[in-house]
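Chemist: Below you'll find protein16.cif; it's mmCIF, C-alpha atoms.
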```cif
data_my_file
#
loop_
_atom_site.label_atom_id
_atom_site.label_comp_id
_atom_site.auth_asym_id
_atom_site.auth_seq_id
_atom_site.Cartn_x
_atom_site.Cartn_y
_atom_site.Cartn_z
CA MET O 1 5.92 56.86 2.69
CA LEU O 2 3.28 59.25 1.46
CA TYR O 3 3.56 61.46 -1.59
CA PRO O 4 3.25 64.39 -2.11
CA ARG O 5 3.02 66.52 1.03
CA ILE O 6 2.90 69.81 -0.91
CA ALA O 7 0.82 70.32 -4.04
CA ARG O 8 0.72 73.31 -6.38
CA ILE O 9 -2.84 74.54 -6.85
CA GLY O 10 -2.87 77.31 -9.44
CA ASP O 11 0.14 79.43 -8.53
CA VAL O 12 0.10 78.58 -4.85
CA ASP O 13 1.80 75.74 -2.96
CA LYS O 14 -0.70 74.16 -0.57
CA LEU O 15 -0.21 71.68 2.24
CA VAL O 16 -2.08 68.54 1.26
CA ALA O 17 -4.47 67.07 3.81
CA ASP O 18 -3.58 63.58 5.04
CA ALA O 19 -6.76 62.16 3.47
CA GLU O 20 -5.74 63.55 0.07
CA MET O 21 -2.24 62.11 0.05
CA VAL O 22 -1.32 59.08 -2.04
CA GLY O 23 1.24 56.33 -1.51
CA TYR O 24 4.32 55.91 -3.69
CA LYS O 25 2.78 52.98 -5.57
CA GLU O 26 -0.27 54.98 -6.58
CA HIS O 27 1.95 57.91 -7.54
CA MET O 28 4.18 55.73 -9.74
CA THR O 29 1.16 54.07 -11.34
CA GLN O 30 -0.64 57.33 -12.10
CA GLU O 31 2.37 59.35 -13.20
CA TYR O 32 4.59 56.80 -14.94
CA ARG O 33 2.49 53.64 -15.55
CA ILE O 34 4.85 51.69 -13.27
CA LEU O 35 3.41 48.84 -11.18
CA PHE O 36 5.09 46.94 -8.35
CA LEU O 37 4.66 43.19 -8.07
CA SER O 38 6.01 42.48 -4.60
CA GLY O 39 5.73 39.52 -2.27
CA VAL O 40 4.03 36.18 -2.80
CA ILE O 41 1.87 35.88 -5.92
CA SER O 42 -1.69 35.06 -4.91
CA GLY O 43 -5.25 35.39 -6.13
CA GLU O 44 -5.65 38.53 -4.03
CA MET O 45 -3.14 40.51 -6.10
CA ASP O 46 -4.60 43.58 -7.79
CA SER O 47 -1.80 44.07 -10.35
CA GLN O 48 -3.50 42.30 -13.25
CA ASN O 49 -6.62 44.45 -12.76
CA LEU O 50 -4.39 47.52 -12.82
CA LEU O 51 -2.95 46.31 -16.14
CA LEU O 52 -6.46 46.25 -17.59
CA ALA O 53 -7.29 49.67 -16.14
CA LEU O 54 -4.10 51.32 -17.45
CA ASP O 55 -4.61 49.73 -20.86
CA SER O 56 -8.10 51.24 -21.01
CA LEU O 57 -6.59 54.72 -20.56
CA SER O 58 -3.90 54.46 -23.24
CA ASN O 59 -1.70 51.94 -25.00
CA ASP O 60 1.58 53.45 -23.78
CA PRO O 61 4.02 50.95 -22.25
CA ILE O 62 3.38 49.66 -18.74
CA LYS O 63 6.33 48.72 -16.55
CA ILE O 64 6.21 46.07 -13.81
CA VAL O 65 8.94 46.03 -11.16
CA ILE O 66 9.11 42.47 -9.79
CA THR O 67 10.40 41.47 -6.35
CA SER O 68 8.78 38.12 -5.59
CA PRO O 69 9.61 34.60 -4.40
CA GLY O 70 6.82 33.27 -6.65
CA GLY O 71 3.54 31.77 -5.55
CA ASP O 72 0.27 30.53 -7.00
CA LEU O 73 0.60 29.17 -10.55
CA ASP O 74 -3.05 29.66 -11.48
CA THR O 75 -2.74 33.37 -10.69
CA THR O 76 0.56 33.50 -12.57
CA PHE O 77 -0.91 31.93 -15.71
CA LEU O 78 -3.80 34.42 -15.64
CA PHE O 79 -1.34 37.28 -15.10
CA VAL O 80 0.65 36.21 -18.18
CA ASP O 81 -2.62 35.90 -20.13
CA THR O 82 -3.51 39.47 -19.14
CA MET O 83 -0.09 40.76 -20.21
CA LYS O 84 -0.63 39.21 -23.65
CA LEU O 85 -4.28 40.28 -23.90
CA ILE O 86 -3.82 44.03 -23.51
CA GLN O 87 -2.63 46.38 -26.24
CA SER O 88 -0.09 48.18 -24.06
CA PRO O 89 3.38 46.62 -24.27
CA VAL O 90 4.41 45.34 -20.84
CA ILE O 91 8.01 45.94 -19.79
CA THR O 92 9.20 43.72 -16.93
CA ILE O 93 11.97 44.74 -14.54
CA GLY O 94 13.34 41.98 -12.33
CA ARG O 95 14.95 42.50 -8.94
CA TYR O 96 14.26 39.11 -7.35
CA CYS O 97 12.27 36.74 -9.55
CA ALA O 98 11.94 33.20 -8.28
CA SER O 99 9.63 30.43 -9.39
CA ALA O 100 6.33 31.82 -10.78
CA ALA O 101 7.68 35.39 -10.69
CA CYS O 102 10.35 34.34 -13.19
CA LEU O 103 7.59 33.36 -15.66
CA ILE O 104 6.12 36.86 -15.43
CA LEU O 105 9.57 38.40 -15.92
CA ALA O 106 10.18 36.27 -19.00
CA SER O 107 6.79 37.15 -20.52
CA GLY O 108 7.49 40.87 -20.86
CA LYS O 109 7.70 42.58 -24.25
CA GLU O 110 11.00 44.09 -23.04
CA ARG O 111 12.72 42.43 -20.08
CA TYR O 112 15.28 44.06 -17.80
CA LEU O 113 17.20 42.88 -14.75
CA TYR O 114 18.88 44.86 -12.00
CA PRO O 115 22.67 44.35 -12.06
CA HIS O 116 22.49 42.21 -8.90
CA ALA O 117 19.12 40.59 -9.58
CA LYS O 118 18.46 36.92 -8.90
CA THR O 119 16.26 34.60 -10.93
CA MET O 120 15.24 31.03 -10.21
CA LEU O 121 13.17 28.36 -11.93
CA HIS O 122 12.07 24.99 -10.59
CA LEU O 123 9.45 22.29 -11.02
CA ALA O 124 5.86 23.01 -10.07
CA THR O 125 5.34 22.24 -6.41
CA GLY O 126 2.28 21.60 -4.30
CA ALA O 127 0.82 19.48 -1.54
CA MET O 128 -1.33 16.46 -2.30
CA SER O 129 -3.98 14.85 -0.12
CA GLY O 130 -6.80 12.34 -0.34
CA ASP O 131 -6.97 8.75 -1.52
CA TYR O 132 -5.12 7.22 -4.48
CA LYS O 133 -7.76 8.46 -6.94
CA ASP O 134 -7.33 12.03 -5.66
CA TYR O 135 -3.57 11.63 -6.04
CA ALA O 136 -4.03 10.55 -9.67
CA ILE O 137 -6.14 13.65 -10.40
CA GLN O 138 -3.66 15.95 -8.68
CA HIS O 139 -0.71 14.31 -10.45
CA LYS O 140 -2.39 14.92 -13.81
CA LEU O 141 -2.88 18.58 -12.84
CA MET O 142 0.80 18.92 -11.85
CA VAL O 143 1.90 17.50 -15.21
CA SER O 144 -0.40 20.01 -16.92
CA TYR O 145 1.19 22.85 -14.90
CA GLN O 146 4.64 21.59 -15.84
CA ASN O 147 3.73 21.71 -19.52
CA LYS O 148 2.35 25.25 -19.17
CA ILE O 149 5.58 26.39 -17.50
CA VAL O 150 7.64 25.00 -20.39
CA ASP O 151 5.23 26.54 -22.93
CA ILE O 152 5.58 29.99 -21.34
CA LEU O 153 9.38 29.74 -21.25
CA THR O 154 9.53 28.58 -24.87
CA GLU O 155 7.20 31.37 -26.04
CA ALA O 156 9.31 33.86 -24.07
CA GLY O 157 12.43 32.93 -26.02
CA VAL O 158 14.22 30.16 -24.11
CA LYS O 159 16.09 28.37 -26.89
CA LYS O 160 16.07 24.88 -25.45
CA SER O 161 14.04 21.76 -26.02
CA ARG O 162 11.27 20.77 -23.61
CA ASP O 163 13.43 17.98 -22.20
CA GLU O 164 16.39 20.32 -21.69
CA ILE O 165 14.22 22.86 -19.86
CA LEU O 166 12.73 20.14 -17.65
CA THR O 167 16.24 18.86 -16.86
CA ASP O 168 17.41 22.38 -15.98
CA ILE O 169 14.50 23.04 -13.63
CA ASP O 170 14.48 19.60 -12.02
CA ARG O 171 15.91 21.35 -8.95
CA ASP O 172 16.21 25.04 -8.03
CA PHE O 173 17.89 26.58 -11.08
CA TRP O 174 19.48 29.90 -10.07
CA LEU O 175 20.81 32.33 -12.66
CA ASP O 176 22.60 35.64 -12.28
CA PRO O 177 21.53 38.46 -14.64
CA HIS O 178 23.95 37.58 -17.44
CA GLU O 179 23.08 33.89 -17.25
CA ALA O 180 19.36 34.73 -17.28
CA ILE O 181 19.83 36.89 -20.39
CA ASP O 182 21.79 34.13 -22.12
CA TYR O 183 19.07 31.63 -21.15
CA GLY O 184 16.32 33.80 -22.66
CA LEU O 185 14.56 35.01 -19.51
CA ALA O 186 15.52 38.66 -19.96
CA ASP O 187 17.01 41.00 -22.55
CA LYS O 188 19.19 43.61 -20.84
CA ILE O 189 20.63 44.90 -17.60
CA LEU O 190 18.71 47.96 -16.41
CA GLU O 191 20.95 51.02 -16.63
CA PRO O 192 20.39 54.42 -14.97
CA GLN O 193 19.82 56.15 -18.30
CA ILE O 194 16.95 53.81 -19.20
CA TRP O 195 15.25 54.42 -15.84
CA LYS O 196 15.76 58.16 -16.20
CA GLU O 197 14.03 58.15 -19.59
CA TRP O 198 11.02 56.35 -18.11
CA ILE O 199 10.42 58.85 -15.32
CA GLU O 200 11.12 62.10 -17.14
#
```
If you convert what's in this file into C-alpha cells, what do you get?
Modeler:
Amino acid sequence: MLYPRIARIGDVDKLVADAEMVGYKEHMTQEYRILFLSGVISGEMDSQNLLLALDSLSNDPIKIVITSPGGDLDTTFLFVDTMKLIQSPVITIGRYCASAACLILASGKERYLYPHAKTMLHLATGAMSGDYKDYAIQHKLMVSYQNKIVDILTEAGVKKSRDEILTDIDRDFWLDPHEAIDYGLADKILEPQIWKEWIE
C-alpha cells in the first residue's frame, strides 16, 4: 500500500508521481514516530537505527508496534541497549511477541498489548557444532545469554527471583495479555482512545 496518492501543494490538490509516494511505514514513522518491528529479529533490521535517527530530531515518545516470533539474541540485546540509550521514551505495543520480541516489549517505558495479543518466553536456543572444546565455549555463551535474559526481565519489572524466572521459561511460557501484565511484561491493554490520541 502506498500513501498518499494525492498531496496538497499550496491550495491545489496534485496527483503524486509514483516515485514520490511513500509506504505506510515511512508515513507512520515521519508523521507519528511509530515504527513497526515485524518478522524475525535479525542483524539486518533497520529499526534500531531509526530509533537513533528519530531521537536526533526530537525527544518526543517513539512507539514500536511489535509482531515478531523472536530471533537473534545479539541483535535483541543491542536493540534494548538502544532503547535505553536514547532520550526519547520508547512505548512498546505488542501484537505477537514471542521469545526475543518479548524482551523488547518488556523493555518499553510504557508497554501496551492488543486485547488478543500473545506473548511467549523460553530458554535461549541455538545450534552447537565442533569438538568438545567448542561445545564448552558455546555452552558458556548460552549461560551468559540466559543471564542477560533474566537481567532484562528483572529490570523490566518482573517481580520474581532468578530461579523462578528460569523455572517459568524452562519450556515455552505462553501468557495472554492479562497474564503478561500480571507477570510484569506489559502495563496495559491498548484501547482505541489511546491509539486515537497518538495519531491526532
Chemist: Using all atoms listed in the file, find each residue of region 18-133 of chain O with at least one atom at most 8 Å away from an atom of region 137-158 of chain O; report its shortest atom-to-atom pair and that distance in Å (one decimal), sort the rows by chain and rising residue number, and return the result as a Markdown table.
Modeler:
```
| residue | atom | partner | partner_atom | distance |
| --- | --- | --- | --- | --- |
| O:Leu73 | CA | O:Tyr145 | CA | 7.7 |
| O:Leu103 | CA | O:Leu153 | CA | 6.9 |
| O:Ala106 | CA | O:Ala156 | CA | 5.7 |
| O:Ser107 | CA | O:Ala156 | CA | 5.5 |
| O:Gly108 | CA | O:Ala156 | CA | 7.9 |
| O:Leu123 | CA | O:Gln146 | CA | 6.8 |
| O:Ala124 | CA | O:Gln146 | CA | 6.1 |
| O:Thr125 | CA | O:Met142 | CA | 7.8 |
| O:Met128 | CA | O:Gln138 | CA | 6.8 |
| O:Lys133 | CA | O:Ile137 | CA | 6.4 |
```
Chemist: For this structure, which residues satisfy the selection - the PyMOL selection byres ((chain O and resi 110) around 12) - when it is evaluated on the file as given? I want them as an NGL selection string.
Modeler: :O and (61-64 or 83 or 88-94 or 104-109 or 111-113 or 156-157 or 181 or 184-190)
Chemist: How far is it from CA of Lys160 (chain O) to CA of Gly126 (chain O), in Å with one decimal?
Modeler: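 Separation of CA of Lys160 (chain O) and CA of Gly126 (chain O): 25.5 Å.
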Chemist: Could you check the closest approach to Leu37 (chain O) for each of O:Ala53, O:Tyr96, O:Asp74, O:Ile9 and tell me which residue wins, using all atoms listed in the file?
Modeler: O:Tyr96
Chemist: If I take CA of Cys97 (chain O) and CA of Leu35 (chain O), how far is one from the other in Å, to one decimal?
Modeler: 15.1 Å
Chemist: Give the padded box for region 43-60 of chain O as lines of an AutoDock Vina configuration file: axis-aligned, covering all atoms listed in the file, 5 Å on each side, centre and edge lengths in Å to one decimal.
Modeler:
```
center_x = -3.3
center_y = 45.1
center_z = -14.5
size_x = 19.7
size_y = 29.3
size_z = 31.0
```
Chemist: Just how far from CA of Gln87 (chain O) is CA of Asn59 (chain O), in Å to one decimal?
Modeler: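 So the answer is 5.8 Å.
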Chemist: Here is a test: counting all atoms listed in the file, which residue of O:Ile169, O:Leu85, O:Val40, O:Met45 is nearest to His122 (chain O)?
Modeler: O:Ile169
Chemist: Quick one: of O:Lys14, O:His178, O:Arg162, O:Arg8, who's nearest to Pro115 (chain O), counting all atoms listed in the file?
Modeler: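 Among the listed residues, O:His178 lies closest to Pro115 (chain O).
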Chemist: Which residue, O:Thr67, O:Thr75, O:Ser56, O:Thr29, has the smallest gap to Arg95 (chain O) when you use all atoms listed in the file?
Modeler: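 Answer, going by the shortest atom-to-atom distance: O:Thr67.
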Chemist: Excluding Asp168 (chain O) and residues on its chain fewer than 5 positions from it, collect all residues at most 9 Å away from it, counting only C-alpha atoms, and give them as a list of chain:residue names.
Modeler: O:Leu121, O:His122, O:Asp163, O:Phe173
Chemist: Would you mind telling me which residue in O:Gln193, O:Ser38, O:Ser58, O:Ser129 lies nearest to Ile86 (chain O) when using all atoms listed in the file?
Modeler: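 Closest to Ile86 (chain O), using all atoms listed in the file: O:Ser58.
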Chemist: Could you check the closest approach to Asp60 (chain O) for each of O:Phe77, O:Ser47, O:Asp170, O:Ile34 and tell me which residue wins, using all atoms listed in the file?
Modeler: O:Ile34
Chemist: Is there a way to complete region 24-46 of chain O with N, CA and C atoms and then write that out as a compact mmCIF listing (two decimals), keeping the file's coordinate frame?
Modeler:
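File written: selection12.txt
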```
# COMPACT_ATOMS: atom_id res chain seq x y z
N TYR O 24 3.36 55.90 -2.57
CA TYR O 24 4.32 55.91 -3.69
C TYR O 24 3.87 55.01 -4.82
N LYS O 25 3.22 53.88 -4.50
CA LYS O 25 2.78 52.98 -5.57
C LYS O 25 1.73 53.65 -6.45
N GLU O 26 0.76 54.29 -5.82
CA GLU O 26 -0.27 54.98 -6.58
C GLU O 26 0.33 56.11 -7.41
N HIS O 27 1.28 56.82 -6.82
CA HIS O 27 1.95 57.91 -7.54
C HIS O 27 2.67 57.37 -8.77
N MET O 28 3.43 56.29 -8.61
CA MET O 28 4.18 55.73 -9.74
C MET O 28 3.24 55.18 -10.81
N THR O 29 2.13 54.60 -10.38
CA THR O 29 1.16 54.07 -11.34
C THR O 29 0.51 55.19 -12.14
N GLN O 30 0.07 56.23 -11.44
CA GLN O 30 -0.64 57.33 -12.10
C GLN O 30 0.28 58.17 -12.97
N GLU O 31 1.47 58.44 -12.48
CA GLU O 31 2.37 59.35 -13.20
C GLU O 31 3.17 58.67 -14.29
N TYR O 32 3.61 57.43 -14.04
CA TYR O 32 4.59 56.80 -14.94
C TYR O 32 4.17 55.42 -15.46
N ARG O 33 2.97 54.96 -15.12
CA ARG O 33 2.49 53.64 -15.55
C ARG O 33 3.46 52.54 -15.10
N ILE O 34 3.95 52.68 -13.86
CA ILE O 34 4.85 51.69 -13.27
C ILE O 34 4.09 50.98 -12.14
N LEU O 35 4.04 49.65 -12.22
CA LEU O 35 3.41 48.84 -11.18
C LEU O 35 4.48 48.08 -10.42
N PHE O 36 4.17 47.72 -9.18
CA PHE O 36 5.09 46.94 -8.35
C PHE O 36 4.43 45.60 -8.02
N LEU O 37 5.10 44.53 -8.42
CA LEU O 37 4.66 43.19 -8.07
C LEU O 37 5.62 42.70 -6.98
N SER O 38 5.14 42.79 -5.74
CA SER O 38 6.01 42.48 -4.60
C SER O 38 5.37 41.40 -3.74
N GLY O 39 6.21 40.55 -3.17
CA GLY O 39 5.73 39.52 -2.27
C GLY O 39 5.21 38.29 -3.00
N VAL O 40 4.52 37.45 -2.26
CA VAL O 40 4.03 36.18 -2.80
C VAL O 40 2.89 36.44 -3.78
N ILE O 41 2.94 35.76 -4.91
CA ILE O 41 1.87 35.88 -5.92
C ILE O 41 0.67 35.07 -5.45
N SER O 42 -0.48 35.74 -5.37
CA SER O 42 -1.69 35.06 -4.91
C SER O 42 -2.90 35.63 -5.64
N GLY O 43 -4.03 34.96 -5.48
CA GLY O 43 -5.25 35.39 -6.13
C GLY O 43 -5.75 36.74 -5.67
N GLU O 44 -5.21 37.24 -4.57
CA GLU O 44 -5.65 38.53 -4.03
C GLU O 44 -4.88 39.71 -4.64
N MET O 45 -3.91 39.43 -5.49
CA MET O 45 -3.14 40.51 -6.10
C MET O 45 -4.02 41.35 -7.01
N ASP O 46 -3.80 42.67 -6.98
CA ASP O 46 -4.60 43.58 -7.79
C ASP O 46 -3.87 44.01 -9.07
```
